[in-house]
Each structure stands twice: as C-alpha cells, then as structure tokens.
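Data from target17.cif: mmCIF, C-alpha atoms
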data_entry
#
loop_
_atom_site.group_PDB
_atom_site.id
_atom_site.type_symbol
_atom_site.label_atom_id
_atom_site.label_comp_id
_atom_site.auth_asym_id
_atom_site.auth_seq_id
_atom_site.Cartn_x
_atom_site.Cartn_y
_atom_site.Cartn_z
ATOM 1 C CA MET W 256 117.048 57.401 105.284
ATOM 2 C CA ASN W 257 120.810 56.840 104.855
ATOM 3 C CA SER W 258 123.281 56.276 107.665
ATOM 4 C CA ARG W 259 124.378 59.929 107.826
ATOM 5 C CA ALA W 260 120.767 61.036 108.188
ATOM 6 C CA ALA W 261 120.160 58.430 110.891
ATOM 7 C CA TRP W 262 123.229 59.591 112.834
ATOM 8 C CA LEU W 263 122.143 63.209 112.470
ATOM 9 C CA ALA W 264 118.671 62.360 113.764
ATOM 10 C CA PHE W 265 120.206 60.539 116.742
ATOM 11 C CA ALA W 266 122.527 63.474 117.469
ATOM 12 C CA LEU W 267 119.680 65.991 117.288
ATOM 13 C CA LEU W 268 117.498 63.841 119.545
ATOM 14 C CA THR W 269 120.324 63.501 122.094
ATOM 15 C CA LEU W 270 121.016 67.228 121.984
ATOM 16 C CA SER W 271 117.301 67.930 122.485
ATOM 17 C CA VAL W 272 117.180 65.771 125.628
ATOM 18 C CA LEU W 273 120.326 67.392 127.035
ATOM 19 C CA ALA W 274 119.027 70.887 126.263
ATOM 20 C CA LEU W 275 115.714 70.042 127.948
ATOM 21 C CA ALA W 276 117.612 69.046 131.084
ATOM 22 C CA VAL W 277 119.681 72.247 130.968
ATOM 23 C CA GLY W 278 116.569 74.338 130.374
ATOM 24 C CA ALA W 279 115.046 72.968 133.573
ATOM 25 C CA GLY W 280 117.883 74.564 135.542
ATOM 26 C CA VAL W 281 118.078 77.976 133.842
ATOM 27 C CA GLY W 282 115.964 80.758 135.309
ATOM 28 C CA SER W 283 115.778 83.569 137.820
ATOM 29 C CA THR W 284 116.255 81.202 140.781
ATOM 30 C CA GLY W 285 119.152 79.371 139.123
ATOM 31 C CA PHE W 286 119.998 75.674 139.282
ATOM 32 C CA GLU W 287 119.212 75.536 142.987
ATOM 33 C CA SER W 288 115.552 74.914 142.186
ATOM 34 C CA VAL W 289 116.523 71.593 140.604
ATOM 35 C CA LEU W 290 118.442 70.546 143.700
ATOM 36 C CA ARG W 291 115.569 71.495 146.018
ATOM 37 C CA ALA W 292 112.759 70.222 143.805
ATOM 38 C CA ARG W 293 112.393 66.860 145.579
ATOM 39 C CA HIS W 294 111.712 68.454 148.975
ATOM 40 C CA ASP W 295 110.490 71.949 148.067
ATOM 41 C CA PRO W 296 107.044 72.146 146.430
ATOM 42 C CA VAL W 297 107.680 75.726 145.278
ATOM 43 C CA ALA W 298 110.877 74.692 143.503
ATOM 44 C CA TRP W 299 109.079 71.722 141.940
ATOM 45 C CA GLN W 300 106.317 74.022 140.736
ATOM 46 C CA ILE W 301 108.879 76.352 139.135
ATOM 47 C CA ILE W 302 110.445 73.456 137.246
ATOM 48 C CA GLY W 303 107.298 71.502 136.402
ATOM 49 C CA GLU W 304 104.963 74.379 135.588
ATOM 50 C CA VAL W 305 107.318 77.038 134.170
ATOM 51 C CA ARG W 306 110.704 75.853 132.962
ATOM 52 C CA LEU W 307 109.933 72.412 131.519
ATOM 53 C CA PRO W 308 106.864 73.457 129.481
ATOM 54 C CA ARG W 309 108.687 76.583 128.312
ATOM 55 C CA THR W 310 111.728 74.618 127.124
ATOM 56 C CA LEU W 311 109.643 71.872 125.526
ATOM 57 C CA GLY W 312 107.359 74.500 123.969
ATOM 58 C CA ALA W 313 110.396 76.199 122.427
ATOM 59 C CA TRP W 314 111.382 72.880 120.856
ATOM 60 C CA LEU W 315 107.875 72.293 119.490
ATOM 61 C CA ALA W 316 107.597 75.827 118.070
ATOM 62 C CA GLY W 317 111.038 75.499 116.474
ATOM 63 C CA ALA W 318 110.069 72.127 115.015
ATOM 64 C CA LEU W 319 106.943 73.651 113.462
ATOM 65 C CA LEU W 320 108.986 76.480 111.948
ATOM 66 C CA GLY W 321 111.695 74.097 110.690
ATOM 67 C CA LEU W 322 109.059 71.891 109.088
ATOM 68 C CA ALA W 323 107.354 74.907 107.504
ATOM 69 C CA GLY W 324 110.691 76.176 106.195
ATOM 70 C CA ALA W 325 111.543 72.855 104.536
ATOM 71 C CA VAL W 326 108.083 72.670 102.948
ATOM 72 C CA ALA W 327 108.252 76.281 101.742
ATOM 73 C CA GLN W 328 111.704 75.893 100.192
ATOM 74 C CA GLY W 329 110.699 72.692 98.419
ATOM 75 C CA LEU W 330 107.280 73.929 97.340
ATOM 76 C CA PHE W 331 108.536 77.205 95.882
ATOM 77 C CA ARG W 332 111.860 75.750 94.650
ATOM 78 C CA ASN W 333 113.776 78.510 96.379
ATOM 79 C CA PRO W 334 116.355 77.945 99.154
ATOM 80 C CA LEU W 335 115.658 81.477 100.444
ATOM 81 C CA ALA W 336 111.941 80.835 100.901
ATOM 82 C CA ASP W 337 110.951 81.361 104.523
ATOM 83 C CA PRO W 338 107.528 80.777 106.095
ATOM 84 C CA PHE W 339 107.483 84.433 107.136
ATOM 85 C CA LEU W 340 108.357 85.820 103.687
ATOM 86 C CA LEU W 341 105.156 84.669 102.006
ATOM 87 C CA GLY W 342 102.674 86.620 104.093
ATOM 88 C CA SER W 343 101.855 83.797 106.492
ATOM 89 C CA ALA W 344 103.338 85.446 109.591
ATOM 90 C CA SER W 345 101.736 88.834 108.877
ATOM 91 C CA GLY W 346 98.381 87.201 108.275
ATOM 92 C CA ALA W 347 98.689 85.163 111.457
ATOM 93 C CA MET W 348 99.629 88.254 113.482
ATOM 94 C CA LEU W 349 96.641 90.158 112.082
ATOM 95 C CA THR W 350 94.112 87.484 113.020
ATOM 96 C CA VAL W 351 95.769 87.012 116.436
ATOM 97 C CA ALA W 352 95.364 90.746 117.041
ATOM 98 C CA LEU W 353 91.702 90.531 116.010
ATOM 99 C CA ALA W 354 91.172 87.524 118.304
ATOM 100 C CA LEU W 355 92.851 89.315 121.215
ATOM 101 C CA ALA W 356 90.666 92.364 120.595
ATOM 102 C CA LEU W 357 87.577 90.137 120.809
ATOM 103 C CA MET W 358 88.957 88.625 124.043
ATOM 104 C CA GLY W 359 89.422 92.072 125.507
ATOM 105 C CA GLY W 360 93.211 91.963 125.299
ATOM 106 C CA ASP W 361 93.545 88.787 127.373
ATOM 107 C CA ALA W 362 95.594 86.058 125.714
ATOM 108 C CA ALA W 363 93.929 83.498 127.995
ATOM 109 C CA ALA W 364 97.278 81.790 128.545
ATOM 110 C CA ALA W 365 95.843 79.236 130.973
ATOM 111 C CA SER W 366 92.725 78.493 128.944
ATOM 112 C CA TRP W 367 92.483 75.634 126.501
ATOM 113 C CA ALA W 368 89.801 77.507 124.583
ATOM 114 C CA GLY W 369 92.072 80.540 124.364
ATOM 115 C CA LYS W 370 95.012 78.519 123.043
ATOM 116 C CA ILE W 371 92.915 76.672 120.480
ATOM 117 C CA GLY W 372 91.125 79.868 119.481
ATOM 118 C CA LEU W 373 94.389 81.745 118.910
ATOM 119 C CA THR W 374 95.796 78.787 116.963
ATOM 120 C CA GLY W 375 92.712 78.599 114.753
ATOM 121 C CA ALA W 376 92.753 82.343 114.151
ATOM 122 C CA ALA W 377 96.464 82.274 113.328
ATOM 123 C CA PHE W 378 95.953 79.378 110.896
ATOM 124 C CA ILE W 379 93.213 81.241 109.052
ATOM 125 C CA GLY W 380 95.361 84.357 108.868
ATOM 126 C CA ALA W 381 98.477 82.475 107.744
ATOM 127 C CA LEU W 382 96.542 80.627 105.049
ATOM 128 C CA GLY W 383 94.935 83.862 103.894
ATOM 129 C CA GLY W 384 98.310 85.611 103.733
ATOM 130 C CA VAL W 385 99.880 82.839 101.639
ATOM 131 C CA LEU W 386 96.901 82.659 99.280
ATOM 132 C CA LEU W 387 96.928 86.438 98.834
ATOM 133 C CA THR W 388 100.644 86.285 98.008
ATOM 134 C CA LEU W 389 100.048 83.527 95.460
ATOM 135 C CA LEU W 390 97.177 85.512 93.941
ATOM 136 C CA LEU W 391 99.307 88.625 93.516
ATOM 137 C CA ALA W 392 102.253 86.629 92.170
ATOM 138 C CA GLN W 393 99.947 84.659 89.825
ATOM 139 C CA GLY W 394 101.330 81.329 90.986
ATOM 140 C CA VAL W 395 104.730 80.035 92.003
ATOM 141 C CA GLN W 396 106.401 80.025 88.597
ATOM 142 C CA HIS W 397 108.168 83.383 88.993
ATOM 143 C CA THR W 398 110.315 83.357 92.119
ATOM 144 C CA LEU W 399 111.169 87.068 92.144
ATOM 145 C CA ARG W 400 107.535 88.083 91.710
ATOM 146 C CA LEU W 401 106.535 85.648 94.446
ATOM 147 C CA LEU W 402 109.001 87.104 96.943
ATOM 148 C CA LEU W 403 108.040 90.690 96.036
ATOM 149 C CA ALA W 404 104.371 89.823 96.478
ATOM 150 C CA GLY W 405 105.176 88.313 99.868
ATOM 151 C CA VAL W 406 106.941 91.492 100.969
ATOM 152 C CA VAL W 407 104.011 93.662 99.810
ATOM 153 C CA VAL W 408 101.429 91.453 101.515
ATOM 154 C CA GLY W 409 103.527 91.435 104.690
ATOM 155 C CA TYR W 410 103.673 95.232 104.820
ATOM 156 C CA VAL W 411 99.961 95.670 104.090
ATOM 157 C CA LEU W 412 98.758 93.090 106.597
ATOM 158 C CA GLY W 413 101.247 94.415 109.148
ATOM 159 C CA ALA W 414 99.818 97.915 108.723
ATOM 160 C CA VAL W 415 96.277 96.609 109.211
ATOM 161 C CA LYS W 416 97.461 94.797 112.335
ATOM 162 C CA ASP W 417 98.898 98.059 113.652
ATOM 163 C CA LEU W 418 95.551 99.785 113.056
ATOM 164 C CA VAL W 419 93.768 97.040 115.001
ATOM 165 C CA THR W 420 96.282 97.386 117.829
ATOM 166 C CA LEU W 421 95.880 101.160 117.961
ATOM 167 C CA SER W 422 92.093 100.919 117.963
ATOM 168 C CA ALA W 423 92.163 98.472 120.908
ATOM 169 C CA PRO W 424 94.768 99.714 123.450
ATOM 170 C CA ASP W 425 94.235 96.646 125.646
ATOM 171 C CA VAL W 426 95.751 94.524 122.883
ATOM 172 C CA LEU W 427 98.980 96.529 122.728
ATOM 173 C CA SER W 428 100.759 94.955 125.695
ATOM 174 C CA ALA W 429 99.843 91.424 124.586
ATOM 175 C CA MET W 430 101.005 92.107 121.013
ATOM 176 C CA VAL W 431 104.432 93.363 122.112
ATOM 177 C CA GLY W 432 105.332 89.852 123.208
ATOM 178 C CA PHE W 433 104.066 88.415 119.939
ATOM 179 C CA VAL W 434 106.027 90.885 117.831
ATOM 180 C CA LEU W 435 109.326 90.348 119.692
ATOM 181 C CA GLY W 436 108.885 86.598 120.038
ATOM 182 C CA ASN W 437 108.489 85.235 123.542
ATOM 183 C CA THR W 438 108.405 81.721 124.979
ATOM 184 C CA GLY W 439 107.956 82.876 128.565
ATOM 185 C CA PHE W 440 104.194 82.305 128.625
ATOM 186 C CA VAL W 441 104.208 78.851 127.020
ATOM 187 C CA GLY W 442 102.537 76.312 129.309
ATOM 188 C CA TRP W 443 101.532 72.676 129.067
ATOM 189 C CA SER W 444 98.320 73.536 127.224
ATOM 190 C CA ALA W 445 100.305 75.307 124.492
ATOM 191 C CA CYS W 446 102.662 72.323 124.286
ATOM 192 C CA VAL W 447 99.746 69.951 123.772
ATOM 193 C CA VAL W 448 98.274 72.180 121.052
ATOM 194 C CA MET W 449 101.605 72.453 119.206
ATOM 195 C CA ALA W 450 102.275 68.710 119.483
ATOM 196 C CA ALA W 451 98.764 67.958 118.213
ATOM 197 C CA VAL W 452 99.471 70.121 115.151
ATOM 198 C CA LEU W 453 103.067 69.001 114.577
ATOM 199 C CA LEU W 454 102.344 65.268 114.313
ATOM 200 C CA PRO W 455 99.724 65.387 111.514
ATOM 201 C CA CYS W 456 101.641 68.119 109.669
ATOM 202 C CA MET W 457 104.778 65.985 109.813
ATOM 203 C CA GLY W 458 102.907 62.918 108.584
ATOM 204 C CA LEU W 459 101.247 64.814 105.742
ATOM 205 C CA ALA W 460 104.530 66.397 104.643
ATOM 206 C CA TRP W 461 106.216 62.986 104.740
ATOM 207 C CA VAL W 462 103.483 61.403 102.609
ATOM 208 C CA MET W 463 103.646 64.190 100.020
ATOM 209 C CA ALA W 464 107.438 64.406 99.934
ATOM 210 C CA ARG W 465 107.381 62.907 96.428
ATOM 211 C CA VAL W 466 105.745 66.091 95.200
ATOM 212 C CA LEU W 467 108.561 68.174 96.656
ATOM 213 C CA ASP W 468 111.135 65.809 95.109
ATOM 214 C CA GLY W 469 109.424 66.119 91.730
ATOM 215 C CA LEU W 470 109.149 69.893 91.920
ATOM 216 C CA SER W 471 112.861 70.143 92.710
ATOM 217 C CA LEU W 472 113.495 68.655 89.253
ATOM 218 C CA GLY W 473 111.162 71.105 87.545
ATOM 219 C CA GLU W 474 107.476 71.586 86.875
ATOM 220 C CA ALA W 475 107.466 69.460 83.716
ATOM 221 C CA THR W 476 109.247 66.583 85.422
ATOM 222 C CA ALA W 477 106.793 66.609 88.311
ATOM 223 C CA GLU W 478 103.857 66.484 85.892
ATOM 224 C CA SER W 479 105.462 63.658 83.898
ATOM 225 C CA LEU W 480 105.541 61.547 87.070
ATOM 226 C CA GLY W 481 101.749 61.587 87.096
ATOM 227 C CA LEU W 482 101.503 63.422 90.390
ATOM 228 C CA PRO W 483 98.277 65.374 91.081
ATOM 229 C CA LEU W 484 100.085 68.648 91.605
ATOM 230 C CA ALA W 485 97.106 70.937 92.205
ATOM 231 C CA PRO W 486 95.547 69.139 95.220
ATOM 232 C CA MET W 487 98.936 68.196 96.649
ATOM 233 C CA ARG W 488 100.156 71.781 96.406
ATOM 234 C CA ALA W 489 97.008 72.914 98.178
ATOM 235 C CA ALA W 490 97.632 70.357 100.943
ATOM 236 C CA LEU W 491 101.276 71.464 101.305
ATOM 237 C CA ILE W 492 100.218 75.112 101.504
ATOM 238 C CA ALA W 493 97.779 74.104 104.250
ATOM 239 C CA VAL W 494 100.627 72.351 106.112
ATOM 240 C CA LEU W 495 102.795 75.455 105.717
ATOM 241 C CA ALA W 496 100.051 77.758 106.963
ATOM 242 C CA LEU W 497 98.988 75.547 109.876
ATOM 243 C CA ALA W 498 102.544 74.958 111.124
ATOM 244 C CA THR W 499 103.482 78.634 110.843
ATOM 245 C CA GLY W 500 100.213 79.875 112.325
ATOM 246 C CA THR W 501 100.437 77.523 115.296
ATOM 247 C CA ALA W 502 103.989 78.574 116.124
ATOM 248 C CA VAL W 503 103.147 82.273 115.777
ATOM 249 C CA ALA W 504 100.025 81.899 117.922
ATOM 250 C CA GLN W 505 102.011 80.434 120.821
ATOM 251 C CA THR W 506 105.408 82.165 120.639
ATOM 252 C CA GLY W 507 104.977 85.151 118.315
ATOM 253 C CA LEU W 508 107.401 86.108 115.550
ATOM 254 C CA VAL W 509 110.555 84.037 115.920
ATOM 255 C CA GLY W 510 112.502 84.688 112.747
ATOM 256 C CA PHE W 511 115.186 82.817 110.794
ATOM 257 C CA VAL W 512 114.539 79.412 112.399
ATOM 258 C CA GLY W 513 112.466 78.243 109.434
ATOM 259 C CA LEU W 514 115.093 79.542 107.016
ATOM 260 C CA ALA W 515 118.211 78.265 108.796
ATOM 261 C CA ALA W 516 117.064 74.775 109.847
ATOM 262 C CA PRO W 517 116.866 73.218 106.333
ATOM 263 C CA HIS W 518 120.138 74.943 105.357
ATOM 264 C CA LEU W 519 121.939 73.399 108.326
ATOM 265 C CA VAL W 520 120.571 69.920 107.545
ATOM 266 C CA ARG W 521 121.386 69.744 103.819
ATOM 267 C CA PRO W 522 125.216 69.747 104.025
ATOM 268 C CA LEU W 523 125.136 67.282 106.924
ATOM 269 C CA ALA W 524 122.840 64.728 105.265
ATOM 270 C CA ARG W 525 122.131 64.605 101.551
ATOM 271 C CA VAL W 526 118.570 63.290 101.630
ATOM 272 C CA THR W 527 115.312 63.581 99.753
ATOM 273 C CA HIS W 528 112.472 65.720 101.065
ATOM 274 C CA GLY W 529 110.957 62.927 103.136
ATOM 275 C CA PRO W 530 113.811 62.685 105.644
ATOM 276 C CA LEU W 531 114.581 66.383 105.119
ATOM 277 C CA VAL W 532 111.302 67.608 106.613
ATOM 278 C CA LEU W 533 111.831 65.360 109.658
ATOM 279 C CA LEU W 534 115.445 66.455 110.167
ATOM 280 C CA ALA W 535 114.619 70.125 109.537
ATOM 281 C CA ALA W 536 111.891 69.955 112.174
ATOM 282 C CA MET W 537 114.310 68.410 114.694
ATOM 283 C CA MET W 538 116.988 70.984 113.807
ATOM 284 C CA GLY W 539 114.485 73.831 114.201
ATOM 285 C CA GLY W 540 113.462 72.489 117.594
ATOM 286 C CA VAL W 541 117.078 72.318 118.773
ATOM 287 C CA LEU W 542 117.837 75.823 117.461
ATOM 288 C CA LEU W 543 114.907 77.481 119.196
ATOM 289 C CA MET W 544 115.416 75.504 122.413
ATOM 290 C CA LEU W 545 119.061 76.598 122.589
ATOM 291 C CA ALA W 546 118.078 80.179 121.728
ATOM 292 C CA ASP W 547 115.500 80.150 124.530
ATOM 293 C CA ILE W 548 118.095 78.921 127.038
ATOM 294 C CA ALA W 549 120.553 81.572 125.866
ATOM 295 C CA ALA W 550 117.864 84.273 126.109
ATOM 296 C CA ARG W 551 117.366 83.363 129.765
ATOM 297 C CA ALA W 552 121.066 83.073 130.615
ATOM 298 C CA LEU W 553 122.820 85.912 128.772
ATOM 299 C CA ILE W 554 121.628 88.833 130.915
ATOM 300 C CA TRP W 555 120.447 86.856 133.953
ATOM 301 C CA PRO W 556 118.358 87.582 136.020
ATOM 302 C CA GLN W 557 116.648 89.478 133.178
ATOM 303 C CA GLU W 558 115.663 87.894 129.882
ATOM 304 C CA LEU W 559 116.054 88.717 126.217
ATOM 305 C CA PRO W 560 113.093 88.243 123.843
ATOM 306 C CA VAL W 561 113.941 85.039 122.046
ATOM 307 C CA GLY W 562 112.807 86.476 118.706
ATOM 308 C CA VAL W 563 115.385 89.250 118.984
ATOM 309 C CA LEU W 564 118.141 86.718 119.670
ATOM 310 C CA THR W 565 117.196 84.454 116.749
ATOM 311 C CA ALA W 566 117.035 87.493 114.461
ATOM 312 C CA VAL W 567 120.567 88.554 115.422
ATOM 313 C CA LEU W 568 122.023 85.053 115.154
ATOM 314 C CA GLY W 569 120.015 84.119 112.065
ATOM 315 C CA GLY W 570 120.834 87.355 110.283
ATOM 316 C CA SER W 571 124.531 86.868 111.019
ATOM 317 C CA TYR W 572 124.351 83.295 109.712
ATOM 318 C CA LEU W 573 122.611 84.444 106.527
ATOM 319 C CA LEU W 574 125.239 87.145 105.921
ATOM 320 C CA TRP W 575 128.021 84.590 106.453
ATOM 321 C CA LEU W 576 126.298 82.160 104.064
ATOM 322 C CA MET W 577 125.988 84.848 101.392
ATOM 323 C CA TYR W 578 129.652 85.840 101.868
ATOM 324 C CA ARG W 579 130.818 82.227 101.585
ATOM 325 C CA ARG W 580 128.840 81.638 98.394
ATOM 326 C CA THR W 581 130.133 84.895 96.919
ATOM 327 C CA ARG W 582 133.727 83.858 97.625
#
Go ahead and render the structure in this file as structure tokens.
Amino acid sequence: MNSRAAWLAFALLTLSVLALAVGAGVGSTGFESVLRARHDPVAWQIIGEVRLPRTLGAWLAGALLGLAGAVAQGLFRNPLADPFLLGSASGAMLTVALALALMGGDAAAASWAGKIGLTGAAFIGALGGVLLTLLLAQGVQHTLRLLLAGVVVGYVLGAVKDLVTLSAPDVLSAMVGFVLGNTGFVGWSACVVMAAVLLPCMGLAWVMARVLDGLSLGEATAESLGLPLAPMRAALIAVLALATGTAVAQTGLVGFVGLAAPHLVRPLARVTHGPLVLLAAMMGGVLLMLADIAARALIWPQELPVGVLTAVLGGSYLLWLMYRRTR
C-alpha cells in the first residue's frame, strides 16, 4: 500500500469515527439525549441500544457493499458492474421473502436465530441469482450479455418475490422496509452478524487479489501467470454473494453504494486490487453511514428511507460521471 492509499485509509477511518459520534446525537430526541445520557437511563438506552448500533450497522452494511462492488468490478472486468446488477440482490430478496413467510411475517429483529437465518437465506438467494446470471450469459467473457442476463434475472426473481409477498400478506409490511432500504431496525445482533461476515470476506478477497489483478490484464494473461482461475473465481463469486446477501438481509436494498465506492477510491489512490478492496469497503461504510445520518436529519423528526437517499445521490453521481467522461 503506497503513501496515498495509507493517507486515504487514515482519512476514511477518522471520518468514520467522527460520523459515528455525530450519528449518536441525531434522532427524534435530538442531541439532548447525549448530554443527558450519563444521568438519564432512558437517554442512555436511546443512544446505546438504538443510535449507536444503527450508525455502526450502516457502516458495516456499506463496507460489505463496497467490498462486493470492488470484487464484482474486478471479477467481471467492468467498472459499471454492481453487486445488484448480477441478480444477487433479487435472489437475496426472494429468499428473504420466503424466509419471512415461513416466520409468519416476523423479521425477528431481536433474535439471533432470526438474523442468522435471514443472512443464510439471503446468501443462498444471492449466490443462486449470480449463478443463474452466469449460466444465461454463458460465462463472463461477454460483458454486454452478462449485464443483460443480470437485468433479466433481476426482473424474473423480482416478479417471483412479488408473488410470494402477495400470497403471504403478513410479509408485505416487512418487505416494504427491505425494498426501500432501512437501517432503522439494525441492532447489535445484526452488527455482530455483519462484522462476522465482513472480516472473512475481506481476508479472502485480499488473498485472492492477484486473480483480480491478473484478470484486469486479460484472460490470457491471468492464465499465463499460472493462477487456478476456476476455483478462485468460484471463491470470489461466493465472497460477492455472501457480502451482498448479508447486507441485503440486514438493511434491504441500498443501491449505488457498491458501484460508487470503488469509483471514488480509484482516482484518490492508484492501487492494486488488494488495497482497493480494503479502501472500497471503508469508503462504502463512510458513504452509507453519512447517508443514514442525512436520512435522519433532512426531514427531522421524520426519516427518509436510506435506500431512497442513496439512489438519488448515487444516480446523480453516475449521471455526472457519464457527463464528465463524455466531455
């Protein structure tokens, strides 16, 4: 990691700590809860059981999406590749809907078994969605066919999810939060689950960064390096599916974070994929944490769904990026 990358990592870490402190004071009761927390058990409960886990959970979910975005863009050799464009999000949403239907519409927010069950279901769905996209596209060689297959799989799995939701009305209210993207129900149990997934995914992506570096130079170059592409690709797809599925299971569909985070890192630090996945994860965490704080503060005392806010900001950023490249 070069000096620019090290300074960027330090800046992102500092910004994360500052945003966590700000997030502890943003809410319906305002910053007064922080001032009264030492002597008021209710205020301490609001900060310790609601605001802090929500803000930290937003960072962890954003880090998972940033990591998945960096892996997807390197794996498919396409800077527009997004974890949600390859069928992973639609597959995760479908299996989450099925799991909620089996639970009777209860997301079991306070239950460890519920959190782990939703994460496992979302992982299976995300992996299935990506594999179905790869099957329809007949591999990753043709980028346009891959993206078209991802769009088709997303629509089909989304329609099946809608049928499941309509057949089980109790699931409808729980799925609204997932579709819009919501960090309001993230607790300490969800934070532990996301952290337990993020660490091994980060380590595995770091170890296999050589594959992403080789693929960026072309398929033939990667094979000439003697890298076992088939098993390493399978492992990277598993990392992509697990990271995306875990984030979707806990916060729902939060778009554009996985796409924007690697794009913001690359011009700031020209690095290989090893440091890139780490920096993209940190950038994704900062982006979603700031978006969560803004969602709470913009129309206080009400809240915006964080997924709606990231879609507006991310879509605007993407349009600006396309305009700049066109000029």
Using all atoms listed in the file, which residues sit within 6 Å of stretch 528-542 of chain W once same-chain residues fewer than 4 positions away are excluded, as an MDAnalysis selection string?
chainID W and resid 271 314:315 317:318 321:322 325 461 464 512 516:517
Counting only C-alpha atoms, the option among W:Val326, W:Ala377, W:Ala502, W:Ala549 closest to W:Ala445:
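Looking only at the distances to W:Ala445, the closest residue turns out to be W:Ala502.
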Could you work out how far atom CA of W:Leu514 lies from atom CA of W:Asp337, giving the answer in Å with one decimal?
5.2 Å
Mind checking which residues fall within 9 Å of stretch 345-353 of chain W, counting all atoms listed in the file, ignoring those fewer than 5 positions away in the same chain, and posting them as number ranges by chain?
W: 339-340, 358, 360, 373-374, 376-385, 408-413, 415-417, 419-420, 426-427, 429-430, 433-434, 496, 499-501, 503-504, 507-508
Could those residues be written to a file, using C-alpha atoms, as a short mmCIF file (atom, residue, chain, number, x, y, z; two decimals), in the frame of the given file?
data_model
loop_
_atom_site.label_atom_id
_atom_site.label_comp_id
_atom_site.auth_asym_id
_atom_site.auth_seq_id
_atom_site.Cartn_x
_atom_site.Cartn_y
_atom_site.Cartn_z
CA PHE W 339 107.48 84.43 107.14
CA LEU W 340 108.36 85.82 103.69
CA MET W 358 88.96 88.62 124.04
CA GLY W 360 93.21 91.96 125.30
CA LEU W 373 94.39 81.74 118.91
CA THR W 374 95.80 78.79 116.96
CA ALA W 376 92.75 82.34 114.15
CA ALA W 377 96.46 82.27 113.33
CA PHE W 378 95.95 79.38 110.90
CA ILE W 379 93.21 81.24 109.05
CA GLY W 380 95.36 84.36 108.87
CA ALA W 381 98.48 82.48 107.74
CA LEU W 382 96.54 80.63 105.05
CA GLY W 383 94.94 83.86 103.89
CA GLY W 384 98.31 85.61 103.73
CA VAL W 385 99.88 82.84 101.64
CA VAL W 408 101.43 91.45 101.52
CA GLY W 409 103.53 91.44 104.69
CA TYR W 410 103.67 95.23 104.82
CA VAL W 411 99.96 95.67 104.09
CA LEU W 412 98.76 93.09 106.60
CA GLY W 413 101.25 94.42 109.15
CA VAL W 415 96.28 96.61 109.21
CA LYS W 416 97.46 94.80 112.34
CA ASP W 417 98.90 98.06 113.65
CA VAL W 419 93.77 97.04 115.00
CA THR W 420 96.28 97.39 117.83
CA VAL W 426 95.75 94.52 122.88
CA LEU W 427 98.98 96.53 122.73
CA ALA W 429 99.84 91.42 124.59
CA MET W 430 101.00 92.11 121.01
CA PHE W 433 104.07 88.42 119.94
CA VAL W 434 106.03 90.88 117.83
CA ALA W 496 100.05 77.76 106.96
CA THR W 499 103.48 78.63 110.84
CA GLY W 500 100.21 79.88 112.32
CA THR W 501 100.44 77.52 115.30
CA VAL W 503 103.15 82.27 115.78
CA ALA W 504 100.02 81.90 117.92
CA GLY W 507 104.98 85.15 118.32
CA LEU W 508 107.40 86.11 115.55
#
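With distances restricted to all atoms listed in the file, W:Leu573 is the closest residue to W:Leu335 from W:Phe265, W:Leu573, W:Ala550, W:Gly278.
Reported to one decimal place, the separation of atom CA of W:Glu304 from atom CA of W:Thr506 is 16.9 Å.
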Taking all atoms listed in the file into account, name the residue in W:Gly324, W:Gly432, W:Gly405, W:Gly458 that is nearest to W:Gly562.
W:Gly432
Determine the residue set returned by the PyMOL selection byres ((chain W and resi 259) around 12) for the present structure, and present it as an mmCIF file with C-alpha atoms, keeping the file's coordinate frame.
data_model
loop_
_atom_site.group_PDB
_atom_site.id
_atom_site.type_symbol
_atom_site.label_atom_id
_atom_site.label_comp_id
_atom_site.auth_asym_id
_atom_site.auth_seq_id
_atom_site.Cartn_x
_atom_site.Cartn_y
_atom_site.Cartn_z
ATOM 1 C CA MET W 256 117.048 57.401 105.284
ATOM 2 C CA ASN W 257 120.810 56.840 104.855
ATOM 3 C CA SER W 258 123.281 56.276 107.665
ATOM 4 C CA ALA W 260 120.767 61.036 108.188
ATOM 5 C CA ALA W 261 120.160 58.430 110.891
ATOM 6 C CA TRP W 262 123.229 59.591 112.834
ATOM 7 C CA LEU W 263 122.143 63.209 112.470
ATOM 8 C CA ALA W 264 118.671 62.360 113.764
ATOM 9 C CA PHE W 265 120.206 60.539 116.742
ATOM 10 C CA ALA W 266 122.527 63.474 117.469
ATOM 11 C CA VAL W 520 120.571 69.920 107.545
ATOM 12 C CA ARG W 521 121.386 69.744 103.819
ATOM 13 C CA PRO W 522 125.216 69.747 104.025
ATOM 14 C CA LEU W 523 125.136 67.282 106.924
ATOM 15 C CA ALA W 524 122.840 64.728 105.265
ATOM 16 C CA ARG W 525 122.131 64.605 101.551
ATOM 17 C CA VAL W 526 118.570 63.290 101.630
ATOM 18 C CA PRO W 530 113.811 62.685 105.644
ATOM 19 C CA LEU W 534 115.445 66.455 110.167
#
